[in-house]
Every structure is written in C-alpha cells, then in structure tokens.
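Below is query.txt, holding compact mmCIF, C-alpha atoms.
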# COMPACT_ATOMS: atom_id res chain seq x y z
CA MET A 1 149.39 136.71 88.85
CA GLU A 2 146.51 136.04 86.51
CA ILE A 3 143.47 138.26 86.04
CA TRP A 4 141.00 135.58 87.15
CA ARG A 5 142.61 135.63 90.63
CA LEU A 6 142.04 139.37 91.13
CA PRO A 7 139.60 140.26 93.96
CA ILE A 8 137.15 142.04 91.64
CA SER A 9 133.69 141.13 90.40
CA ALA A 10 133.19 138.24 87.97
CA SER A 11 131.80 140.62 85.31
CA GLN A 12 134.88 142.83 85.57
CA ARG A 13 137.18 139.81 85.22
CA GLY A 14 135.19 138.66 82.20
CA LYS A 15 135.48 142.06 80.53
CA LEU A 16 139.23 142.17 81.15
CA ILE A 17 139.79 138.69 79.70
CA SER A 18 137.58 139.44 76.68
CA ALA A 19 139.64 142.56 76.01
CA GLY A 20 142.86 140.55 76.10
CA TYR A 21 144.06 141.36 79.62
CA THR A 22 144.98 137.99 81.09
CA SER A 23 147.81 138.92 83.49
CA LEU A 24 148.70 141.79 85.80
CA SER A 25 151.63 142.79 83.61
CA SER A 26 149.24 143.47 80.72
CA LEU A 27 147.59 146.19 82.83
CA SER A 28 150.82 147.87 83.90
CA SER A 29 151.04 150.50 81.16
CA ILE A 30 147.41 151.37 80.38
CA SER A 31 145.63 154.51 81.59
CA SER A 32 142.27 154.46 83.34
CA SER A 33 140.64 156.34 80.44
CA ASP A 34 141.91 153.84 77.85
CA LEU A 35 140.86 150.91 80.02
CA ALA A 36 137.41 152.43 80.54
CA ARG A 37 136.98 152.80 76.79
CA GLU A 38 138.07 149.21 76.06
CA LEU A 39 135.92 147.67 78.80
CA LYS A 40 133.00 150.06 78.21
CA VAL A 41 132.85 151.03 81.89
CA SER A 42 133.12 154.34 83.73
CA GLU A 43 136.57 155.82 84.30
CA THR A 44 136.00 155.56 88.05
CA GLU A 45 135.40 151.81 87.78
CA ALA A 46 138.45 151.42 85.54
CA MET A 47 140.55 153.35 88.09
CA ASP A 48 139.35 151.04 90.88
CA ILE A 49 140.32 147.97 88.81
CA LEU A 50 143.80 149.40 88.19
CA LYS A 51 144.24 150.15 91.90
CA VAL A 52 143.40 146.56 92.83
CA ALA A 53 145.76 145.29 90.13
CA LEU A 54 148.57 147.60 91.31
CA HIS A 55 148.16 146.47 94.92
CA SER A 56 148.10 142.79 93.95
CA ARG A 57 151.13 143.18 91.71
CA GLY A 58 153.10 144.88 94.48
CA ALA A 59 152.35 142.02 96.87
CA GLN A 60 153.24 139.47 94.22
CA THR A 61 156.57 141.16 93.45
CA SER A 62 157.67 141.24 97.10
CA ASN A 63 156.72 137.59 97.65
CA ALA A 64 158.37 136.40 94.44
CA SER A 65 161.72 138.21 94.75
CA CYS A 66 163.31 135.50 96.90
CA SER A 67 161.99 132.61 94.83
CA ILE A 68 163.39 134.13 91.63
CA VAL A 69 166.89 134.24 93.14
CA GLU A 70 166.57 130.73 94.60
CA GLY A 71 165.33 129.40 91.25
CA ALA A 72 168.69 129.90 89.51
CA GLN A 73 169.87 126.87 87.49
CA SER A 74 173.27 126.13 86.02
CA ALA A 75 173.73 125.55 82.30
CA TRP A 76 175.05 122.06 83.14
CA ASP A 77 171.80 121.23 84.95
CA MET A 78 169.83 122.57 82.00
CA LEU A 79 171.75 120.30 79.61
CA HIS A 80 171.14 117.30 81.86
CA ASP A 81 167.42 118.11 82.02
CA GLU A 82 167.18 118.36 78.23
CA GLU A 83 168.98 115.06 77.70
CA SER A 84 166.65 113.28 80.13
CA LEU A 85 163.44 114.69 78.63
CA MET A 86 160.88 112.21 77.38
CA HIS A 87 159.19 112.36 73.98
CA ILE A 88 155.79 111.29 72.69
CA THR A 89 156.00 109.08 69.64
CA THR A 90 153.93 109.98 66.59
CA SER A 91 153.73 106.29 65.55
CA SER A 92 155.72 107.18 62.41
CA ALA A 93 159.39 106.23 62.79
CA ASP A 94 160.40 108.60 59.98
CA LEU A 95 158.54 111.51 61.57
CA ASP A 96 159.95 110.68 65.02
CA ASN A 97 163.43 110.61 63.50
CA ILE A 98 163.37 114.21 62.25
CA LEU A 99 161.74 115.31 65.53
CA GLY A 100 164.57 113.86 67.60
CA GLY A 101 162.43 111.08 69.07
CA GLY A 102 158.94 112.54 68.87
CA ILE A 103 157.01 115.48 70.34
CA HIS A 104 159.14 117.10 73.04
CA CYS A 105 158.00 117.65 76.61
CA LYS A 106 158.61 121.08 78.20
CA GLU A 107 158.11 122.68 74.76
CA VAL A 108 155.31 124.19 72.69
CA THR A 109 155.10 122.62 69.23
CA GLU A 110 152.99 124.18 66.49
CA ILE A 111 151.77 121.87 63.72
CA GLY A 112 149.99 123.47 60.77
CA GLY A 113 148.81 122.67 57.28
CA VAL A 114 146.00 122.71 54.76
CA PRO A 115 142.62 121.02 55.41
CA GLY A 116 142.72 117.24 55.03
CA ILE A 117 146.46 116.93 55.61
CA GLY A 118 145.98 115.07 58.92
CA LYS A 119 146.40 117.68 61.68
CA THR A 120 143.54 116.39 63.83
CA GLN A 121 144.56 112.79 63.10
CA LEU A 122 148.03 113.58 64.44
CA GLY A 123 146.56 115.37 67.46
CA ILE A 124 144.42 112.34 68.34
CA GLN A 125 147.36 109.98 67.73
CA ILE A 126 149.63 111.70 70.24
CA ALA A 127 146.74 112.04 72.75
CA VAL A 128 146.59 108.24 72.62
CA ASN A 129 150.37 107.67 72.51
CA VAL A 130 151.11 109.83 75.57
CA GLN A 131 149.41 107.03 77.54
CA ILE A 132 151.84 104.31 76.42
CA PRO A 133 153.23 102.84 79.69
CA HIS A 134 156.81 103.41 80.84
CA ASP A 135 157.65 99.73 80.24
CA PHE A 136 157.02 100.31 76.54
CA GLY A 137 159.06 103.52 76.36
CA GLY A 138 156.12 105.87 76.87
CA LEU A 139 155.18 108.51 79.42
CA GLY A 140 152.21 106.73 81.00
CA GLY A 141 150.42 110.07 81.13
CA LYS A 142 147.04 111.57 80.31
CA ALA A 143 146.01 114.18 77.74
CA ILE A 144 143.94 117.35 77.56
CA TYR A 145 142.28 117.89 74.17
CA ILE A 146 140.90 121.40 73.52
CA ASP A 147 138.62 121.34 70.47
CA THR A 148 137.71 124.74 69.00
CA GLU A 149 136.31 123.49 65.68
CA GLY A 150 134.34 120.38 66.63
CA SER A 151 136.72 118.18 64.65
CA PHE A 152 137.58 115.66 67.39
CA MET A 153 136.13 112.24 66.50
CA VAL A 154 135.70 109.89 69.46
CA GLU A 155 135.14 106.90 67.14
CA ARG A 156 138.47 107.64 65.47
CA ALA A 157 140.17 107.97 68.86
CA PHE A 158 138.78 104.54 69.82
CA GLN A 159 140.10 103.08 66.55
CA ILE A 160 143.59 104.52 67.12
CA ALA A 161 143.55 103.34 70.75
CA GLU A 162 142.76 99.77 69.61
CA ALA A 163 145.67 99.89 67.16
CA CYS A 164 148.01 101.27 69.85
CA ILE A 165 147.21 98.36 72.18
CA GLU A 166 147.71 95.89 69.32
CA ASP A 167 151.09 97.47 68.58
CA MET A 168 152.13 97.03 72.22
CA SER A 169 151.06 93.37 72.12
CA GLU A 170 153.12 92.87 68.96
CA TYR A 171 156.07 94.58 70.66
CA ASN A 172 155.78 92.03 73.45
CA ARG A 173 155.67 89.06 71.11
CA PHE A 174 158.45 89.91 68.69
CA LEU A 175 160.91 92.17 70.53
CA ARG A 176 160.84 90.59 73.98
CA LYS A 177 161.24 86.90 73.18
CA ASP A 178 164.28 86.64 75.43
CA PHE A 179 162.91 88.85 78.20
CA GLN A 180 159.98 88.80 80.55
CA GLU A 181 156.95 90.21 78.82
CA CYS A 182 155.31 93.39 80.12
CA LYS A 183 151.71 92.88 81.06
CA ILE A 184 149.25 95.01 79.11
CA ASN A 185 146.30 95.98 81.27
CA MET A 186 145.00 98.73 79.00
CA LYS A 187 141.78 98.67 77.02
CA PRO A 188 140.63 101.21 74.42
CA GLU A 189 138.01 102.41 76.91
CA ASP A 190 140.78 103.16 79.44
CA ILE A 191 142.63 105.26 76.88
CA LEU A 192 139.53 107.32 76.05
CA GLU A 193 138.90 107.76 79.79
CA ASN A 194 142.33 109.43 80.08
CA ILE A 195 141.67 112.08 77.41
CA PHE A 196 140.11 115.15 79.04
CA TYR A 197 138.04 116.80 76.29
CA PHE A 198 137.01 120.47 76.26
CA ARG A 199 134.78 121.93 73.53
CA ILE A 200 135.39 125.66 73.06
CA CYS A 201 132.95 127.90 71.18
CA SER A 202 134.51 131.39 71.42
CA TYR A 203 137.87 133.07 71.93
CA THR A 204 136.81 134.23 75.41
CA GLU A 205 136.11 130.62 76.39
CA GLN A 206 139.50 129.66 74.97
CA ILE A 207 141.30 132.30 77.02
CA ALA A 208 139.37 131.39 80.18
CA LEU A 209 140.21 127.70 79.76
CA ILE A 210 143.92 128.40 79.19
CA ASN A 211 143.88 130.41 82.43
CA TYR A 212 142.18 127.50 84.22
CA LEU A 213 144.62 124.83 83.02
CA ASP A 214 147.21 125.55 85.73
CA LYS A 215 144.69 124.66 88.43
CA PHE A 216 143.32 121.67 86.50
CA ILE A 217 146.76 120.15 85.85
CA SER A 218 147.75 120.75 89.48
CA GLU A 219 144.83 118.50 90.39
CA HIS A 220 145.63 115.99 87.60
CA LYS A 221 149.42 115.76 87.78
CA ASP A 222 149.60 112.79 85.40
CA VAL A 223 148.59 115.04 82.47
CA LYS A 224 151.58 115.09 80.10
CA LEU A 225 150.04 116.58 76.96
CA VAL A 226 147.85 119.54 75.99
CA VAL A 227 146.51 119.67 72.42
CA VAL A 228 144.70 122.75 71.08
CA ASP A 229 142.82 121.96 67.84
CA SER A 230 142.99 124.52 66.48
CA VAL A 231 144.56 127.51 68.17
CA THR A 232 143.54 129.61 65.18
CA PHE A 233 139.84 129.17 64.59
CA HIS A 234 138.19 131.75 66.86
CA PHE A 235 140.98 134.28 66.38
CA ARG A 236 140.44 134.35 62.62
CA GLN A 237 136.67 134.67 62.97
CA ASP A 238 136.02 137.14 65.79
CA PHE A 239 138.71 139.82 65.59
CA ASP A 240 138.84 143.14 63.77
CA ASP A 241 141.45 144.75 66.03
CA MET A 242 144.74 143.10 65.01
CA ALA A 243 146.76 144.76 67.79
CA LEU A 244 144.35 143.36 70.38
CA ARG A 245 144.50 139.94 68.75
CA THR A 246 148.30 139.94 68.87
CA ARG A 247 148.28 140.89 72.54
CA VAL A 248 145.76 138.17 73.44
CA LEU A 249 147.60 135.50 71.45
CA THR A 250 150.98 136.41 72.91
CA GLY A 251 149.60 136.22 76.44
CA MET A 252 148.02 132.85 75.71
CA ALA A 253 151.24 131.47 74.19
CA LEU A 254 153.25 132.57 77.24
CA LYS A 255 150.83 130.81 79.57
CA LEU A 256 151.08 127.61 77.55
CA MET A 257 154.89 127.86 77.53
CA ASN A 258 154.86 128.26 81.32
CA LEU A 259 152.58 125.24 81.69
CA ALA A 260 154.93 123.13 79.56
CA LYS A 261 157.94 124.09 81.70
CA LYS A 262 156.18 123.94 85.08
CA PHE A 263 154.58 120.51 84.62
CA SER A 264 157.15 118.97 82.21
CA LEU A 265 154.46 118.32 79.62
CA ALA A 266 154.15 118.76 75.87
CA VAL A 267 151.91 121.43 74.35
CA VAL A 268 150.81 120.92 70.73
CA LEU A 269 149.03 123.74 68.91
CA LEU A 270 147.35 122.80 65.64
CA ASN A 271 147.13 125.68 63.18
CA GLN A 272 145.44 126.37 59.87
CA ALA A 273 147.23 127.37 56.67
CA THR A 274 146.74 130.40 54.48
CA ILE A 275 148.21 131.81 51.26
CA LYS A 276 150.79 134.58 51.58
CA HIS A 277 151.92 136.87 48.75
CA THR A 278 155.69 137.30 48.92
CA GLU A 279 158.00 138.84 46.30
CA GLY A 280 155.52 138.45 43.48
CA SER A 281 154.53 134.86 44.23
CA PHE A 282 151.98 133.08 46.40
CA GLN A 283 153.27 130.77 49.13
CA LEU A 284 151.69 128.52 51.73
CA ALA A 285 152.01 130.00 55.23
CA LEU A 286 150.53 129.21 58.63
CA ALA A 287 147.81 131.50 59.96
CA LEU A 288 148.06 134.29 62.58
CA GLY A 289 150.97 136.17 61.02
CA ASP A 290 154.71 136.57 61.54
CA SER A 291 154.55 137.72 65.17
CA TRP A 292 152.78 134.50 66.18
CA SER A 293 155.46 132.37 64.51
CA HIS A 294 157.96 133.41 67.21
CA THR A 295 155.82 132.32 70.15
CA CYS A 296 156.28 128.53 69.79
CA THR A 297 159.42 126.46 70.38
CA ASN A 298 159.03 124.26 67.31
CA ARG A 299 157.03 124.80 64.12
CA ILE A 300 156.13 121.89 61.83
CA VAL A 301 154.44 122.45 58.47
CA LEU A 302 152.43 119.61 56.92
CA TYR A 303 152.07 119.66 53.14
CA TRP A 304 151.29 117.56 50.08
CA ASN A 305 153.98 116.45 47.63
CA GLY A 306 152.03 114.77 44.86
CA ASN A 307 149.88 112.17 46.57
CA GLU A 308 152.06 111.91 49.65
CA ARG A 309 151.87 113.77 52.95
CA TYR A 310 155.06 115.35 54.27
CA ALA A 311 156.09 117.06 57.51
CA TYR A 312 158.73 119.79 57.41
CA ILE A 313 160.51 121.29 60.43
CA ASP A 314 160.22 124.98 59.66
CA LYS A 315 161.63 126.32 62.92
CA SER A 316 163.33 124.83 65.98
CA PRO A 317 166.21 125.85 68.26
CA SER A 318 167.45 122.27 68.58
CA LEU A 319 166.33 120.40 65.42
CA ARG A 320 167.72 120.84 61.94
CA SER A 321 165.35 121.58 59.07
CA ALA A 322 164.25 118.30 57.53
CA SER A 323 161.26 116.62 55.89
CA ALA A 324 159.68 113.21 56.35
CA ALA A 325 156.82 111.48 54.59
CA TYR A 326 153.97 110.00 56.64
CA SER A 327 150.61 108.35 56.06
CA VAL A 328 147.17 108.54 57.66
CA THR A 329 145.93 104.95 57.81
CA VAL A 330 143.06 103.08 59.41
CA ARG A 331 145.39 102.41 62.35
CA GLY A 332 146.46 106.04 62.68
CA ILE A 333 149.65 107.90 61.75
CA ARG A 334 152.29 105.63 60.23
CA ASN A 335 155.30 105.72 57.88
CA SER A 336 154.41 106.50 54.29
CA SER A 337 153.69 103.62 51.93
CA SER A 338 156.72 104.55 49.77
CA SER A 339 158.97 104.37 52.83
CA CYS A 340 157.65 100.89 53.63
CA LYS A 341 158.30 99.79 50.05
CA ARG A 342 161.91 100.99 50.24
CA ILE A 343 162.45 99.01 53.45
CA LYS A 344 161.05 95.83 51.84
CA MET A 345 163.29 96.25 48.78
CA MET A 346 166.36 96.58 50.98
Before anything else, please render the file you have as structure tokens.
Amino acid sequence: MEIWRLPISASQRGKLISAGYTSLSSLSSISSSDLARELKVSETEAMDILKVALHSRGAQTSNASCSIVEGAQSAWDMLHDEESLMHITTSSADLDNILGGGIHCKEVTEIGGVPGIGKTQLGIQIAVNVQIPHDFGGLGGKAIYIDTEGSFMVERAFQIAEACIEDMSEYNRFLRKDFQECKINMKPEDILENIFYFRICSYTEQIALINYLDKFISEHKDVKLVVVDSVTFHFRQDFDDMALRTRVLTGMALKLMNLAKKFSLAVVLLNQATIKHTEGSFQLALALGDSWSHTCTNRIVLYWNGNERYAYIDKSPSLRSASAAYSVTVRGIRNSSSSCKRIKMM
C-alpha cells in the first residue's frame, strides 16, 4: 500500500512523501521519535501515524496472502512472455539491433550521457514511435512524458511526428507493393494529442506524480511508455542527506518497475552524466551513484567518439555489451552518417 492511500491528513501525507516515505514498508522499522524528528511533528502525532500505518499494513497483508500464492508463474510461462514482448523502435536500425529490437516493454531502461548527446531527442523519438500502429509493427499506444528540466520541445515533437508518418507512408509504398496497403489515419496533431505531458518542479512533485501514475494508467490503459526526463535533476539539486536520497530513489525505482510489469509498458529514465575519479584517472559515469545503477533493468550510456554519437549497453541481464553509432537529424534519431555510407558502398 502506498502512503497517499493512508487515512491520515493531507499535510501528514505530504510530510511523509517529502521525507522519502512512499510505502508502508518504508515505515516498518522506524521509531516514533525518529519519525517525529524527520517530519518535524510531535512524538504523539508520529505515534498516531505509525499506528494507522501498522493497522493498514496488517489488513493489506491478510488480503494479499492468497493472491501472492495464486500469482505463481512457471519458468516456461515466463519464457513465453519474454519472447512475445513488444519493443519500441528508436528509428535507428543499428541502435535497435544492439537493443534486441528496441526499447523493451515490462522493463526499466536508463539512458544517460553528457549534455547535447541527444537524450531528450531520443526520449521524444520513442514517445512518438510508441504510437506506431500494430499494422506497421508498433504498439499503437500512448506515452507519458515527465519533464523535470523543461527540456521537452513541442515543436521538435511535431517535427519528429511528421517524419514518423512520412516513414510509414514510405513503408507502404516500397515494402507492400504485393500486399494490401495499410491505411494511415494519423496526423502529427494526433500523435501530440497522445503524449501526456507533466512538468515537474521539485522532487516532492516528482514523487507524488510517480505515486499517482498507477491510478492514471489504470484510467488510460493504452499508455505503453513512461519517460522521465531527467530522473536526476531535482535529486542532485535539493538533497544534502544522501541516505535519505538513496531511500527515496530506491522507492521510486521500485514503483516504476512495478508499473512496467503490471501494465506491460516500457519505462525510460533519462539521466545526466558526471565525472568519477577511479584508480587515479577520471572517467565518465552516470549520476546518482553506484547504488542507483542496480535499480534499472538496462543501462545505456551515450557518448561521443570523435564527431559521432554512440550508444553503449553498460548493463543488461539479457543483452550483451555492445556499441552502435547513431545520429540526431532533422527527422529525429537515425543511423549514423558513416553507417549509411558503408551500406551505400556495399
């Protein structure tokens, strides 16, 4: 059970969420005196909050015990589910190739890199591509775009949407000459209409929105993608207590992982890069530290190699480590220019 469902006052819920307590389990091992100090309330009020949480958790445990047993799944079923999972294309064949088809549904994928490398461009591209209809090999879904930095550009989204529709028209003309063409009823305006945009200005707003997503997606079941751009920003600006930050981030990552599994959607977390000093040398590393790196299913690092952009699979349980070049063009994310030249020469 989540904190925002607790039968306590709105101000108490707000204080709990701001302090990093987003689920009942996060309150299970704290004393009333410690909670009072963190929330800046009286110990009596803290004790009352813990009593309500304890009662709610007991009811939740008794109701959930049967469903946990009934929810068992065989390894064979799990394999079948994984093989039938859909992917969201990045519009770069080389990038899709190392990703095993594109961005995976039911997983949390972290994509990080230095400023200007194309993180937001990639986020917008997949928010458009998730809407590609089933007839064209897409998911026919909608997207949620959570913008913490103000970097989302609606004009750029419109431009990429136009290019996506043109690509589908070209697919019809050249690849389906011997088959009945699929009718394209989409317009760029329709694609923008299917991107639910949230502007977030603080880490408390970010936590509150993540908690609200379960309800929102339940009411909009065609959502197949959640993009957070970036997951890092407010957590690098507003925190002095690193232990508290780790607890808040871990809770948020678990909620996003549960959303991905529950609704069979893809979660993409865009992250910033930093410089890390290791063994006497400086290396590029993604922000939020080592503990955060274990919270996502896949981790992709974007970097420059000369004048070319590259994507590297840094961590994944199912994909081998590999790199692929890509370009940011007027039409969106595409194969790198050098890759196109090689194809022409062949």
Using all atoms listed in the file, find the one residue out of A:Phe196, A:Tyr21, A:Phe233, A:Trp76 that sits nearest to Leu270 in chain A.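 Under the stated criterion, the closest residue is A:Phe233.
Using only C-alpha atoms, the contacts of Ser9 in chain A at a cut-off of 12 Å, with sequence neighbours closer than 6 positions omitted, comprise Ile3, Lys15, Leu16, Glu45, Asp48, Ile49 and Val52 of chain A.
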So that I can see what lies close to Leu35 in chain A, please list as a ChimeraX atom specification the residues with an atom at most 8 Å from it, counting only C-alpha atoms and leaving out residues fewer than 5 positions away in the same chain. /A:30,43,46
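Note that CA of Ile124 in chain A and CA of Arg331 in chain A are 11.6 Å apart.
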Distance criterion (only C-alpha atoms): nearest to Lys51 in chain A out of A:Leu286, A:Leu6, A:Val114, A:Ala243: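 Answer, going by the shortest atom-to-atom distance: A:Leu6.
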Considering all atoms listed in the file, state which residue in the set A:Ser18, A:Asn129, A:Thr246, A:Thr109 is at the smallest distance from Thr90 in chain A.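 Looking only at the distances to Thr90 in chain A, the closest residue turns out to be A:Asn129.
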May I ask for the distance between CA of Lys255 in chain A and CA of Ile160 in chain A, given in Å to one decimal place? 30.0 Å
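Computed from the coordinates, the CA of Gly150 in chain A to CA of Glu162 in chain A distance equals 22.5 Å.
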Could you tell me which of A:Lys262, A:Arg37, A:Arg236, A:His87 comes closest to Ile103 in chain A if we count only C-alpha atoms?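 Of A:Lys262, A:Arg37, A:Arg236, A:His87, the one nearest Ile103 in chain A, counting only C-alpha atoms, is A:His87.
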Quick one: of A:Phe198, A:Glu110, A:Pro133, A:Met186, who's nearest to Ala287 in chain A, counting only C-alpha atoms?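 Comparing A:Phe198, A:Glu110, A:Pro133, A:Met186 against Ala287 in chain A, the winner is A:Glu110.
Residue nearest Ile144 in chain A within the list A:Arg199, A:Lys187, A:Arg173, A:Lys119: A:Arg199 [criterion: smallest interatomic distance, all atoms listed in the file].
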Using only C-alpha atoms, find each residue of range 46-159 of chain A with at least one atom at most 8 Å away from an atom of range 306-325 of chain A; report its shortest atom-to-atom pair and that distance in Å (one decimal), sort the rows by chain and rising residue number, and return the result as a Markdown table.
| residue | atom | partner | partner_atom | distance |
| --- | --- | --- | --- | --- |
| A:Asp94 | CA | A:Ala324 | CA | 5.9 |
| A:Leu95 | CA | A:Ala324 | CA | 5.6 |
| A:Ile98 | CA | A:Ala322 | CA | 6.3 |
| A:Leu99 | CA | A:Leu319 | CA | 6.9 |
| A:Gly100 | CA | A:Leu319 | CA | 7.1 |
| A:Ile117 | CA | A:Arg309 | CA | 6.8 |
Atoms are missing here; could range 3-14 of chain A be completed with all heavy atoms and written as a CSV table (one decimal), keeping the file's coordinate frame?
chain,number,residue,atom,x,y,z
A,3,ILE,N,144.6,137.4,85.8
A,3,ILE,CA,143.5,138.3,86.0
A,3,ILE,C,142.4,137.6,86.8
A,3,ILE,O,141.7,138.2,87.7
A,3,ILE,CB,143.0,138.8,84.7
A,3,ILE,CG1,144.0,139.8,84.1
A,3,ILE,CG2,141.6,139.4,84.8
A,3,ILE,CD1,144.2,141.0,84.9
A,4,TRP,N,142.1,136.3,86.5
A,4,TRP,CA,141.0,135.6,87.2
A,4,TRP,C,141.2,135.4,88.7
A,4,TRP,O,140.2,135.1,89.4
A,4,TRP,CB,140.8,134.2,86.5
A,4,TRP,CG,141.8,133.2,86.7
A,4,TRP,CD1,142.9,133.0,85.9
A,4,TRP,CD2,141.9,132.2,87.7
A,4,TRP,NE1,143.7,132.0,86.3
A,4,TRP,CE2,143.0,131.4,87.4
A,4,TRP,CE3,141.0,131.8,88.7
A,4,TRP,CZ2,143.4,130.4,88.2
A,4,TRP,CZ3,141.4,130.7,89.5
A,4,TRP,CH2,142.6,130.0,89.3
A,5,ARG,N,142.4,135.7,89.2
A,5,ARG,CA,142.6,135.6,90.6
A,5,ARG,C,142.4,137.0,91.3
A,5,ARG,O,142.4,137.1,92.5
A,5,ARG,CB,144.0,135.2,90.9
A,5,ARG,CG,144.3,133.7,90.5
A,5,ARG,CD,145.8,133.4,90.8
A,5,ARG,NE,146.1,132.0,90.4
A,5,ARG,CZ,145.9,130.9,91.1
A,5,ARG,NH1,145.4,131.0,92.3
A,5,ARG,NH2,146.3,129.7,90.6
A,6,LEU,N,142.2,138.0,90.5
A,6,LEU,CA,142.0,139.4,91.1
A,6,LEU,C,140.8,139.4,92.0
A,6,LEU,O,139.7,138.9,91.6
A,6,LEU,CB,142.0,140.4,90.0
A,6,LEU,CG,143.3,141.0,89.5
A,6,LEU,CD1,143.0,142.0,88.4
A,6,LEU,CD2,144.2,141.6,90.6
A,7,PRO,N,140.8,140.1,93.1
A,7,PRO,CA,139.6,140.3,94.0
A,7,PRO,C,138.7,141.4,93.4
A,7,PRO,O,138.4,142.4,94.1
A,7,PRO,CB,140.2,140.6,95.3
A,7,PRO,CG,141.5,141.3,95.0
A,7,PRO,CD,142.0,140.6,93.8
A,8,ILE,N,138.1,141.1,92.2
A,8,ILE,CA,137.2,142.0,91.6
A,8,ILE,C,135.9,141.2,91.2
A,8,ILE,O,136.0,140.0,91.3
A,8,ILE,CB,137.7,142.8,90.4
A,8,ILE,CG1,138.3,141.8,89.4
A,8,ILE,CG2,138.8,143.8,90.8
A,8,ILE,CD1,138.8,142.4,88.1
A,9,SER,N,134.9,141.9,90.7
A,9,SER,CA,133.7,141.1,90.4
A,9,SER,C,133.9,140.2,89.2
A,9,SER,O,134.8,140.4,88.4
A,9,SER,CB,132.6,142.1,90.1
A,9,SER,OG,132.8,142.8,88.9
A,10,ALA,N,133.1,139.2,89.1
A,10,ALA,CA,133.2,138.2,88.0
A,10,ALA,C,133.0,138.9,86.6
A,10,ALA,O,133.6,138.6,85.6
A,10,ALA,CB,132.2,137.1,88.1
A,11,SER,N,132.1,139.9,86.6
A,11,SER,CA,131.8,140.6,85.3
A,11,SER,C,133.0,141.5,84.9
A,11,SER,O,133.3,141.5,83.7
A,11,SER,CB,130.6,141.5,85.4
A,11,SER,OG,130.8,142.5,86.4
A,12,GLN,N,133.7,142.0,85.9
A,12,GLN,CA,134.9,142.8,85.6
A,12,GLN,C,136.0,141.9,85.1
A,12,GLN,O,136.7,142.3,84.1
A,12,GLN,CB,135.3,143.6,86.8
A,12,GLN,CG,134.4,144.8,87.2
A,12,GLN,CD,134.8,145.4,88.5
A,12,GLN,OE1,135.4,144.8,89.4
A,12,GLN,NE2,134.5,146.7,88.7
A,13,ARG,N,136.2,140.8,85.7
A,13,ARG,CA,137.2,139.8,85.2
A,13,ARG,C,136.9,139.4,83.8
A,13,ARG,O,137.8,139.2,83.0
A,13,ARG,CB,137.3,138.6,86.2
A,13,ARG,CG,138.0,138.9,87.5
A,13,ARG,CD,138.4,137.6,88.2
A,13,ARG,NE,137.2,136.8,88.6
A,13,ARG,CZ,136.6,136.9,89.8
A,13,ARG,NH1,137.0,137.8,90.7
A,13,ARG,NH2,135.5,136.2,90.1
A,14,GLY,N,135.6,139.1,83.5
A,14,GLY,CA,135.2,138.7,82.2
A,14,GLY,C,135.5,139.7,81.2
A,14,GLY,O,135.9,139.4,80.0
